[in-house]
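This is model.txt. It holds compact mmCIF, C-alpha atoms and all ligand atoms.
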```
# COMPACT_ATOMS: atom_id res chain seq x y z
CA MET A 1 -11.66 19.21 -20.08
CA VAL A 2 -11.56 15.59 -18.90
CA GLU A 3 -14.26 14.71 -16.39
CA VAL A 4 -12.86 13.23 -13.20
CA LEU A 5 -14.86 10.06 -12.57
CA SER A 6 -12.99 8.21 -9.84
CA LYS A 7 -14.19 8.31 -6.24
CA ILE A 8 -11.85 8.94 -3.32
CA SER A 9 -8.74 6.96 -4.23
CA GLY A 10 -5.11 7.01 -5.24
CA ALA A 11 -6.36 6.82 -8.83
CA ARG A 12 -8.17 10.13 -8.46
CA VAL A 13 -5.08 11.74 -6.93
CA VAL A 14 -3.03 10.75 -9.98
CA GLU A 15 -5.84 11.88 -12.33
CA ARG A 16 -5.94 15.29 -10.68
CA CYS A 17 -2.15 15.72 -10.89
CA ASP A 18 -2.34 14.77 -14.57
CA ARG A 19 -5.18 17.20 -15.14
CA LEU A 20 -3.09 20.00 -13.64
CA GLY A 21 -0.18 19.05 -15.92
CA VAL A 22 -1.47 20.86 -19.02
CA GLN A 23 -2.80 24.30 -20.00
CA PRO A 24 -4.41 26.35 -18.50
CA PHE A 25 -2.58 24.96 -15.44
CA SER A 26 0.77 25.23 -17.20
CA ASP A 27 2.37 28.45 -18.41
CA ILE A 28 3.82 26.73 -21.49
CA LYS A 29 2.02 25.08 -24.42
CA THR A 30 3.88 21.77 -24.35
CA GLY A 31 4.76 20.23 -21.03
CA LEU A 32 4.47 21.69 -17.55
CA PHE A 33 5.84 24.89 -16.11
CA ARG A 34 3.86 26.44 -13.29
CA ALA A 35 5.68 29.35 -11.71
CA TYR A 36 4.62 31.25 -8.59
CA LEU A 37 1.92 33.91 -9.18
CA THR A 38 1.43 33.24 -12.89
CA PRO A 39 -1.90 32.69 -14.71
CA ALA A 40 -1.29 28.91 -14.46
CA HIS A 41 -0.89 29.21 -10.68
CA ALA A 42 -4.13 31.22 -10.52
CA ALA A 43 -6.01 28.63 -12.61
CA THR A 44 -4.66 25.85 -10.38
CA ILE A 45 -5.84 27.60 -7.23
CA ASN A 46 -9.28 28.28 -8.65
CA THR A 47 -9.69 24.59 -9.56
CA MET A 48 -8.34 23.36 -6.22
CA VAL A 49 -10.82 25.65 -4.43
CA SER A 50 -13.68 23.66 -5.96
CA TRP A 51 -12.04 20.30 -5.12
CA MET A 52 -11.46 21.43 -1.53
CA SER A 53 -15.05 22.70 -1.24
CA GLU A 54 -16.39 19.35 -2.51
CA ALA A 55 -14.26 17.65 0.13
CA GLY A 56 -15.99 19.66 2.88
CA MET A 57 -13.39 22.37 3.46
CA SER A 58 -13.70 26.12 3.73
CA THR A 59 -11.00 27.84 1.70
CA ARG A 60 -8.95 30.99 1.90
CA LEU A 61 -5.81 32.48 0.40
CA ASP A 62 -3.21 33.80 2.78
CA ALA A 63 -1.06 36.88 2.15
CA ALA A 64 1.59 34.85 0.28
CA ALA A 65 -1.06 33.27 -2.01
CA ASN A 66 -0.95 29.94 -0.23
CA LEU A 67 -4.29 28.18 -0.68
CA ILE A 68 -5.57 26.84 2.63
CA GLY A 69 -8.54 24.47 2.87
CA ARG A 70 -9.79 23.95 6.44
CA TYR A 71 -11.83 21.06 7.78
CA GLU A 72 -12.95 21.94 11.29
CA GLY A 73 -12.38 19.68 14.24
CA ASN A 74 -14.94 18.68 16.87
CA ARG A 75 -14.46 21.99 18.67
CA PRO A 76 -14.08 25.51 17.31
CA ASN A 77 -10.58 26.88 16.69
CA ALA A 78 -8.89 23.54 17.37
CA PRO A 79 -5.22 23.53 16.35
CA ALA A 80 -4.67 22.10 12.88
CA LEU A 81 -2.79 19.21 11.41
CA ILE A 82 -1.46 20.85 8.24
CA ILE A 83 -1.15 18.51 5.28
CA GLY A 84 0.77 20.37 2.62
CA SER A 85 3.13 20.50 -0.31
CA HIS A 86 3.83 22.87 -3.20
CA VAL A 87 2.06 23.42 -6.50
CA ASP A 88 4.76 25.37 -8.35
CA SER A 89 7.13 23.50 -10.64
CA VAL A 90 10.47 23.76 -12.36
CA PHE A 91 10.54 24.39 -16.13
CA ASN A 92 9.52 21.30 -18.15
CA ALA A 93 8.57 19.52 -14.96
CA GLY A 94 6.93 16.28 -13.98
CA ARG A 95 3.33 16.35 -12.75
CA TYR A 96 3.72 14.85 -9.26
CA ASP A 97 6.61 16.67 -7.54
CA GLY A 98 4.53 18.79 -5.16
CA PRO A 99 0.89 18.46 -6.31
CA LEU A 100 0.79 14.78 -5.28
CA GLY A 101 1.01 15.75 -1.59
CA VAL A 102 -1.71 18.40 -1.92
CA MET A 103 -4.13 16.12 -3.79
CA LEU A 104 -3.55 13.37 -1.21
CA GLY A 105 -4.43 15.87 1.54
CA ILE A 106 -7.72 16.73 -0.19
CA GLU A 107 -8.43 13.00 -0.53
CA CYS A 108 -7.85 12.39 3.20
CA VAL A 109 -10.27 15.15 4.15
CA GLU A 110 -12.93 13.99 1.72
CA ALA A 111 -12.72 10.49 3.22
CA LEU A 112 -13.35 11.93 6.71
CA HIS A 113 -16.09 14.21 5.40
CA GLU A 114 -17.88 11.30 3.76
CA GLN A 115 -17.93 9.45 7.08
CA GLY A 116 -19.08 12.62 8.86
CA ARG A 117 -16.07 12.32 11.17
CA ARG A 118 -14.74 15.24 13.19
CA LEU A 119 -11.43 14.97 15.01
CA PRO A 120 -9.98 16.62 18.12
CA PHE A 121 -7.97 18.75 15.72
CA ALA A 122 -8.74 20.57 12.48
CA ILE A 123 -7.11 19.54 9.23
CA GLU A 124 -5.79 22.18 6.87
CA VAL A 125 -4.67 21.25 3.37
CA VAL A 126 -2.12 23.77 2.16
CA ALA A 127 -0.92 24.32 -1.40
CA PHE A 128 2.29 26.35 -1.17
CA GLY A 129 2.77 28.66 -4.15
CA ASP A 130 6.56 28.63 -4.24
CA GLU A 131 8.95 25.89 -3.19
CA GLU A 132 11.11 25.45 -6.27
CA GLY A 133 12.21 29.06 -6.64
CA SER A 134 10.10 28.99 -9.80
CA ARG A 135 9.87 32.76 -10.26
CA PHE A 136 12.31 34.53 -7.97
CA PRO A 137 15.98 33.75 -7.32
CA ILE A 138 15.13 32.37 -3.86
CA SER A 139 13.08 29.28 -3.01
CA MET A 140 10.47 28.21 -0.44
CA ILE A 141 9.06 31.74 -0.15
CA CYS A 142 5.61 30.42 0.75
CA SER A 143 6.42 27.92 3.50
CA ARG A 144 8.86 30.43 4.97
CA ALA A 145 6.07 33.02 5.03
CA MET A 146 3.82 30.57 6.89
CA ALA A 147 6.56 29.42 9.28
CA GLY A 148 7.47 33.04 10.04
CA THR A 149 11.05 32.79 8.81
CA LEU A 150 10.72 35.04 5.74
CA THR A 151 12.62 38.33 5.93
CA GLU A 152 12.21 41.76 4.32
CA GLN A 153 15.50 41.08 2.55
CA ASP A 154 13.95 37.98 0.95
CA LEU A 155 11.07 40.11 -0.34
CA ALA A 156 13.46 42.55 -2.02
CA VAL A 157 14.19 39.96 -4.74
CA GLU A 158 13.01 40.59 -8.29
CA ASP A 159 11.72 38.31 -11.03
CA SER A 160 13.12 38.43 -14.58
CA ALA A 161 10.89 41.45 -15.32
CA GLY A 162 12.28 43.34 -12.33
CA ARG A 163 9.18 42.99 -10.14
CA THR A 164 9.18 42.13 -6.44
CA PRO A 165 6.86 39.50 -4.89
CA ARG A 166 4.65 42.25 -3.44
CA GLU A 167 4.30 43.91 -6.88
CA VAL A 168 3.40 40.62 -8.54
CA LEU A 169 0.88 39.77 -5.80
CA GLN A 170 -0.87 43.07 -6.60
CA VAL A 171 -1.57 41.78 -10.12
CA PHE A 172 -2.25 38.22 -9.02
CA ARG A 173 -5.05 39.14 -6.61
CA GLU A 174 -7.12 40.41 -9.56
CA TRP A 175 -7.22 36.90 -11.05
CA MET A 176 -8.63 35.26 -7.94
CA TYR A 177 -12.30 34.33 -7.71
CA ARG A 178 -12.22 35.49 -4.12
CA PRO A 179 -10.75 38.69 -2.73
CA MET A 180 -7.31 38.62 -1.13
CA SER A 181 -7.67 41.17 1.62
CA ASN A 182 -3.98 41.15 2.47
CA ILE A 183 -1.02 40.68 0.14
CA ASP A 184 1.91 41.29 2.44
CA PRO A 185 3.67 37.90 2.82
CA MET A 186 5.29 39.08 6.06
CA THR A 187 1.85 38.78 7.69
CA ALA A 188 1.24 35.18 6.61
CA ALA A 189 3.06 33.65 9.62
CA ARG A 190 1.01 31.24 11.71
CA GLU A 191 0.92 31.07 15.48
CA PRO A 192 2.53 27.88 16.84
CA ARG A 193 -0.44 27.36 19.17
CA ASP A 194 -2.77 27.09 16.12
CA VAL A 195 -0.74 24.31 14.49
CA LEU A 196 -0.55 20.78 15.88
CA ALA A 197 1.74 19.23 13.29
CA TYR A 198 2.77 19.25 9.63
CA LEU A 199 2.57 16.21 7.35
CA GLU A 200 3.97 16.24 3.82
CA THR A 201 3.81 13.43 1.30
CA HIS A 202 6.19 13.78 -1.63
CA ILE A 203 7.71 11.63 -4.36
CA GLU A 204 11.08 10.29 -3.25
CA GLN A 205 13.05 11.83 -6.17
CA GLY A 206 15.57 9.08 -5.55
CA PRO A 207 15.97 5.35 -6.23
CA VAL A 208 15.97 3.83 -2.71
CA LEU A 209 12.32 2.75 -2.41
CA GLU A 210 12.31 1.36 -5.93
CA ALA A 211 15.51 -0.60 -5.30
CA GLU A 212 14.00 -2.13 -2.16
CA GLY A 213 10.61 -2.86 -3.76
CA LEU A 214 8.75 -0.55 -1.35
CA SER A 215 5.79 1.76 -2.07
CA VAL A 216 6.39 4.22 0.75
CA GLY A 217 8.96 5.23 3.34
CA ALA A 218 9.04 7.58 6.33
CA VAL A 219 11.55 10.43 6.19
CA THR A 220 13.71 10.80 9.28
CA GLY A 221 15.05 14.15 8.21
CA ILE A 222 16.53 16.26 5.48
CA ALA A 223 20.23 15.83 4.88
CA ALA A 224 22.92 18.15 6.12
CA GLN A 225 24.80 19.52 3.15
CA ASN A 226 28.25 20.97 2.57
CA ARG A 227 29.41 22.50 -0.67
CA PHE A 228 33.05 23.18 -1.44
CA ASP A 229 34.94 24.78 -4.27
CA ILE A 230 38.31 23.12 -4.87
CA VAL A 231 41.20 24.49 -6.89
CA VAL A 232 44.26 22.33 -7.70
CA LYS A 233 47.29 24.20 -9.04
CA GLY A 234 50.21 22.57 -10.83
CA MET A 235 52.51 23.63 -13.64
CA ALA A 236 51.69 23.89 -17.33
CA ALA A 237 54.30 22.17 -19.50
CA HIS A 238 54.76 20.59 -22.91
CA ALA A 239 52.96 17.25 -23.18
CA GLY A 240 55.67 15.84 -25.42
CA THR A 241 58.90 16.95 -23.78
CA THR A 242 58.15 16.87 -20.03
CA THR A 243 59.07 13.47 -18.58
CA MET A 244 56.60 11.82 -16.25
CA GLN A 245 58.88 12.35 -13.22
CA LEU A 246 59.09 16.11 -13.79
CA ARG A 247 55.39 16.79 -14.07
CA ARG A 248 53.14 18.65 -11.66
CA ASP A 249 49.95 17.67 -13.45
CA ALA A 250 46.90 19.37 -11.91
CA MET A 251 44.52 17.19 -13.92
CA ALA A 252 46.01 13.86 -12.86
CA GLY A 253 46.07 15.13 -9.26
CA ALA A 254 42.43 16.19 -9.43
CA ALA A 255 41.52 12.82 -10.91
CA GLU A 256 43.21 11.02 -8.01
CA MET A 257 41.40 13.31 -5.55
CA ILE A 258 38.02 12.64 -7.16
CA MET A 259 38.61 8.89 -6.95
CA ALA A 260 39.59 9.32 -3.28
CA ILE A 261 36.32 11.22 -2.63
CA GLU A 262 34.35 8.32 -4.09
CA THR A 263 36.33 5.75 -2.09
CA ILE A 264 35.91 7.62 1.20
CA ALA A 265 32.16 8.10 0.60
CA ASN A 266 31.82 4.36 -0.06
CA GLU A 267 33.83 3.46 3.03
CA MET A 268 31.87 5.86 5.28
CA GLY A 269 28.70 4.03 4.24
CA GLY A 270 25.21 4.66 5.59
CA ASP A 271 23.42 7.54 3.92
CA LEU A 272 26.56 9.52 3.15
CA VAL A 273 26.84 10.78 -0.43
CA ALA A 274 29.66 12.82 -1.98
CA THR A 275 29.56 14.21 -5.49
CA VAL A 276 31.88 16.05 -7.83
CA GLY A 277 29.44 17.47 -10.35
CA ARG A 278 31.45 20.20 -12.06
CA ILE A 279 35.03 20.37 -13.27
CA GLU A 280 37.00 22.92 -15.26
CA LEU A 281 40.62 22.96 -16.29
CA SER A 282 43.08 25.30 -17.89
CA PRO A 283 44.58 25.82 -20.26
CA GLY A 284 42.62 22.87 -21.71
CA SER A 285 44.82 21.93 -24.67
CA THR A 286 45.66 18.48 -25.99
CA ASN A 287 49.39 19.08 -25.87
CA VAL A 288 49.66 20.98 -22.58
CA ILE A 289 49.80 19.47 -19.08
CA ALA A 290 46.99 21.08 -17.06
CA LYS A 291 48.08 24.00 -14.92
CA GLU A 292 44.90 24.45 -12.90
CA VAL A 293 41.77 22.41 -12.23
CA SER A 294 38.76 23.55 -10.25
CA PHE A 295 35.90 21.31 -9.24
CA SER A 296 32.88 21.24 -6.95
CA LEU A 297 32.27 18.93 -4.02
CA ASP A 298 28.85 18.30 -2.46
CA VAL A 299 28.73 16.15 0.71
CA ARG A 300 25.44 15.15 2.38
CA SER A 301 24.20 12.96 5.19
CA GLY A 302 21.26 12.90 7.60
CA GLY A 303 23.78 13.13 10.43
CA MET A 304 25.83 16.30 10.78
CA ASN A 305 28.69 14.39 12.46
CA HIS A 306 28.75 11.75 9.77
CA ARG A 307 28.90 14.44 7.10
CA ASP A 308 31.58 16.44 8.91
CA THR A 309 33.72 13.34 9.54
CA ALA A 310 33.52 12.49 5.84
CA ALA A 311 34.33 16.05 4.76
CA ALA A 312 37.34 16.11 7.10
CA ALA A 313 38.61 12.73 5.82
CA ILE A 314 38.21 13.91 2.23
CA SER A 315 40.08 17.14 2.94
CA GLU A 316 42.93 15.27 4.65
CA GLU A 317 43.29 12.79 1.79
CA MET A 318 43.24 15.54 -0.85
CA HIS A 319 45.97 17.44 0.97
CA LYS A 320 48.12 14.28 1.10
CA ILE A 321 47.68 13.77 -2.64
CA ALA A 322 48.56 17.41 -3.31
CA VAL A 323 51.77 17.22 -1.22
CA ARG A 324 52.91 13.94 -2.84
CA ARG A 325 52.36 15.37 -6.31
CA GLY A 326 53.83 18.81 -5.65
CA LEU A 327 50.50 20.54 -6.23
CA LYS A 328 48.85 23.44 -4.44
CA LEU A 329 45.36 22.84 -3.04
CA GLU A 330 42.75 25.48 -2.18
CA LEU A 331 39.56 24.30 -0.54
CA THR A 332 36.75 26.80 0.12
CA LYS A 333 33.51 25.96 1.93
CA LEU A 334 30.66 27.65 0.05
CA GLN A 335 27.61 26.35 1.89
CA ASP A 336 26.91 24.65 5.20
CA LEU A 337 23.28 23.64 5.66
CA ALA A 338 22.35 21.94 8.91
CA SER A 339 20.28 18.79 8.79
CA SER A 340 16.59 19.21 9.54
CA PRO A 341 15.22 16.25 11.43
CA CYS A 342 11.56 15.33 11.27
CA ASP A 343 9.87 14.91 14.65
CA LYS A 344 10.88 11.53 16.15
CA GLU A 345 7.52 10.77 17.73
CA LEU A 346 5.53 11.72 14.61
CA THR A 347 7.91 9.72 12.39
CA ASP A 348 7.41 6.72 14.63
CA LEU A 349 3.63 7.24 14.35
CA LEU A 350 4.02 7.38 10.56
CA GLU A 351 5.95 4.10 10.53
CA THR A 352 3.27 2.50 12.70
CA ALA A 353 0.71 3.81 10.19
CA MET A 354 2.73 2.17 7.40
CA GLU A 355 2.67 -1.12 9.26
CA ARG A 356 -1.07 -0.92 9.87
CA ALA A 357 -1.62 -0.24 6.17
CA GLY A 358 0.33 -3.39 5.30
CA HIS A 359 3.73 -1.90 4.45
CA PRO A 360 7.02 -2.60 6.22
CA ARG A 361 8.54 0.05 8.46
CA ARG A 362 11.27 1.85 6.56
CA ALA A 363 12.82 5.21 7.32
CA LEU A 364 15.19 7.10 5.05
CA VAL A 365 16.89 10.47 4.81
CA SER A 366 15.85 13.00 2.19
CA GLY A 367 18.82 14.21 0.16
CA ALA A 368 16.72 17.05 -1.29
CA GLY A 369 15.17 20.02 0.50
CA HIS A 370 11.40 20.25 1.09
CA ASP A 371 8.80 22.56 2.65
CA ALA A 372 8.80 20.23 5.69
CA MET A 373 12.34 21.44 6.44
CA VAL A 374 11.04 25.01 6.67
CA MET A 375 7.87 24.13 8.56
CA SER A 376 9.90 22.47 11.32
CA ALA A 377 10.53 26.02 12.58
CA LEU A 378 6.78 26.27 13.30
CA CYS A 379 5.71 22.81 14.47
CA PRO A 380 6.66 19.10 14.63
CA THR A 381 6.85 17.66 11.13
CA ALA A 382 6.55 14.24 9.50
CA MET A 383 7.20 13.32 5.92
CA LEU A 384 6.19 10.36 3.76
CA PHE A 385 8.03 9.44 0.56
CA VAL A 386 6.33 7.67 -2.34
CA ARG A 387 8.32 5.54 -4.79
CA CYS A 388 8.79 7.21 -8.18
CA ALA A 389 9.86 5.37 -11.31
CA GLY A 390 13.65 5.28 -11.72
CA GLY A 391 13.99 7.94 -9.02
CA ILE A 392 13.45 10.49 -11.82
CA SER A 393 12.04 13.96 -11.06
CA HIS A 394 12.22 17.50 -12.46
CA ASN A 395 11.59 15.82 -15.80
CA PRO A 396 8.41 15.07 -17.82
CA ALA A 397 9.29 11.36 -17.42
CA GLU A 398 8.52 11.61 -13.68
CA GLN A 399 6.03 8.86 -12.80
CA VAL A 400 4.20 7.46 -9.77
CA SER A 401 1.96 4.39 -9.87
CA ILE A 402 -1.68 4.33 -8.80
CA PRO A 403 -1.10 1.46 -6.32
CA ASP A 404 1.76 3.39 -4.67
CA THR A 405 -0.42 6.52 -4.46
CA GLN A 406 -3.19 4.41 -2.93
CA ALA A 407 -0.64 3.07 -0.43
CA ALA A 408 0.31 6.64 0.52
CA LEU A 409 -3.37 7.54 0.99
CA ASP A 410 -3.94 4.47 3.19
CA VAL A 411 -0.91 5.34 5.32
CA MET A 412 -1.98 8.97 5.70
CA LEU A 413 -5.47 7.93 6.84
CA GLU A 414 -3.94 5.49 9.36
CA PHE A 415 -1.66 8.31 10.54
CA ILE A 416 -4.67 10.57 11.09
CA ASP A 417 -6.36 7.77 13.10
CA LEU A 418 -3.27 7.34 15.26
CA LEU A 419 -2.97 11.07 15.81
CA GLU A 420 -6.65 11.17 16.77
CA ALA A 421 -6.05 8.42 19.36
CA ARG A 422 -3.06 10.34 20.72
CA GLU A 423 -4.94 13.63 20.97
CA THR A 424 -8.17 12.23 22.44
ZN ZN B 1 8.94 19.11 -4.55
```
Would you mind giving the structure from this file in structure tokens?
Ligand SMILES: [Zn+2]
Amino acid sequence: MVEVLSKISGARVVERCDRLGVQPFSDIKTGLFRAYLTPAHAATINTMVSWMSEAGMSTRLDAAANLIGRYEGNRPNAPALIIGSHVDSVFNAGRYDGPLGVMLGIECVEALHEQGRRLPFAIEVVAFGDEEGSRFPISMICSRAMAGTLTEQDLAVEDSAGRTPREVLQVFREWMYRPMSNIDPMTAAREPRDVLAYLETHIEQGPVLEAEGLSVGAVTGIAAQNRFDIVVKGMAAHAGTTTMQLRRDAMAGAAEMIMAIETIANEMGGDLVATVGRIELSPGSTNVIAKEVSFSLDVRSGGMNHRDTAAAAISEEMHKIAVRRGLKLELTKLQDLASSPCDKELTDLLETAMERAGHPRRALVSGAGHDAMVMSALCPTAMLFVRCAGGISHNPAEQVSIPDTQAALDVMLEFIDLLEARET
């Protein structure tokens, strides 16, 4: 095992993420896969317990196997600033999506501990066990357990071996160095009065910061998302004998619609994104005009109105195209997720912290979901994005730089100072 030599720094954060990127902290021999409640998850917790203890925290596991390190405030039972992220991963993952935010939290606390500083609030560093849906067919089990939004129906899910979360927790508790007295995730919910705020630092998983030459950005919220299933119906006919005027070509119609989606998304501007990521056609022969085409549509924006206006404009334009071409159009809404704004005041504090740490104010919307979205049901949340190379994530090529990680650490420490001033 590689000895960690660096002192409190962004460099050590990256070293620790790298160290957790291989066996025994991965469930696969080559590359990283750390699923919820596996031996790799257990090994990761047991190692983080020692890092948290060195940083001056007391540690415990809650009933959903979230690891919680607590650094007391200047009075007993003070409400906590939770600094958290997840430690599970997708299959063949990068090393920083999730763990980066947890390691940065440990670093913040160790910096305070070294100065012997106690704040008017406690700090809790939380490593959520499941965010990605790494074991069960649902995601964010652990932050939902903590935020109190998990349901019995959620806990009825089964992993690929047919076991429920409660059954797997029964096995998992045996691997822990410390006893888990309670393994019913329904009891892991925190009281709002015990939590001051939630701060999550995460890689951006997108290209915006890199394109603008920025190390960090504050997240204003998590995008509202619509998903549609679209079916375009025309008439199958011979590709050689049917004149162009007589055709009702579902494929050409779908192509025009997809171009219209792109045009409308460009014209709407701002943070709006619209994507057709899947397409199927039938019968799918070289010499037959397509009879039916189905494709997906995903529309997102930080603003619900902006998203809904775009979706309505897209729908209207597609219907026009269908009528002009003599095609039938079926549009079904599959998913409608509301946007989840971060707390305005905390986000402003985070941008001030960025400024004080020597970085320009910049706020952006997260197109992807995060634990912060779930935690907003419990307390005010703030989220910091760190530039990642090429915007690549969920891939072994995922990369963050040491200077950017240092920048995130500096901003988080400034944020804690500002919060201290506010709470004093
Ligand atoms: Zn993540």
Do you have, as JSON lines, the list of residues of region 165-262 of chain A lying at most 7 Å from region 357-369 of chain A, each with its nearest atom pair and that distance in Å to one decimal, counting all atoms listed in the file and ordered by chain then number?
```
{"residue": "A:Gly217", "atom": "CA", "partner": "A:Arg362", "partner_atom": "CA", "distance": 5.2}
{"residue": "A:Ala218", "atom": "CA", "partner": "A:Ala363", "partner_atom": "CA", "distance": 4.6}
{"residue": "A:Val219", "atom": "CA", "partner": "A:Leu364", "partner_atom": "CA", "distance": 5.1}
{"residue": "A:Thr220", "atom": "CA", "partner": "A:Val365", "partner_atom": "CA", "distance": 5.5}
{"residue": "A:Gly221", "atom": "CA", "partner": "A:Val365", "partner_atom": "CA", "distance": 5.3}
{"residue": "A:Ile222", "atom": "CA", "partner": "A:Ser366", "partner_atom": "CA", "distance": 4.7}
{"residue": "A:Ala223", "atom": "CA", "partner": "A:Gly367", "partner_atom": "CA", "distance": 5.2}
```
Choose the residue, out of A:Pro79, A:Gly21, A:Gly326, A:Gly253, that has the smallest atom-to-atom separation from Tyr96 (chain A); count all atoms listed in the file.
->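 Ranking A:Pro79, A:Gly21, A:Gly326, A:Gly253 by distance to Tyr96 (chain A), first place goes to A:Gly21.
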Could you pull out the residues sitting within 7 Å of ligand ZN 1 (chain B), using only C-alpha atoms and all ligand atoms, and write them as a compact mmCIF listing (two decimals) with C-alpha atoms, keeping the file's coordinate frame?
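Now in part_3.txt:
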```txt
# COMPACT_ATOMS: atom_id res chain seq x y z
CA HIS A 86 3.83 22.87 -3.20
CA ASP A 97 6.61 16.67 -7.54
CA GLY A 98 4.53 18.79 -5.16
CA GLU A 131 8.95 25.89 -3.19
CA GLU A 132 11.11 25.45 -6.27
CA HIS A 202 6.19 13.78 -1.63
CA HIS A 370 11.40 20.25 1.09
```
Compile the contact shell of region 151-160 of chain A as number ranges by chain: residues with an atom at most 12 Å away, counting only C-alpha atoms, same-chain residues fewer than 6 positions apart removed.
-> A: 35-38, 64, 133-142, 144-145, 166-169, 184-189
Show which residues sit within 10 Å of Ile402 (chain A), as a list in words. Count all atoms listed in the file, and ignore same-chain residues fewer than 4 positions away.
-> Ser9, Gly10, Ala11, Arg12, Val13, Val14, Glu15, Gln406, Ala407 and Ala408 of chain A
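Take CA of Pro341 (chain A) and CA of Ala265 (chain A): the distance between them is 21.7 Å.
Closest approach to Gly148 (chain A) among A:Ile82, A:Ile123, A:Leu346, A:Ala377: A:Ala377, based on only C-alpha atoms.
Minimum atom-to-atom distance to Leu384 (chain A), evaluated using only C-alpha atoms, belongs to A:Val216 out of A:Met244, A:Leu81, A:Ala310, A:Val216.
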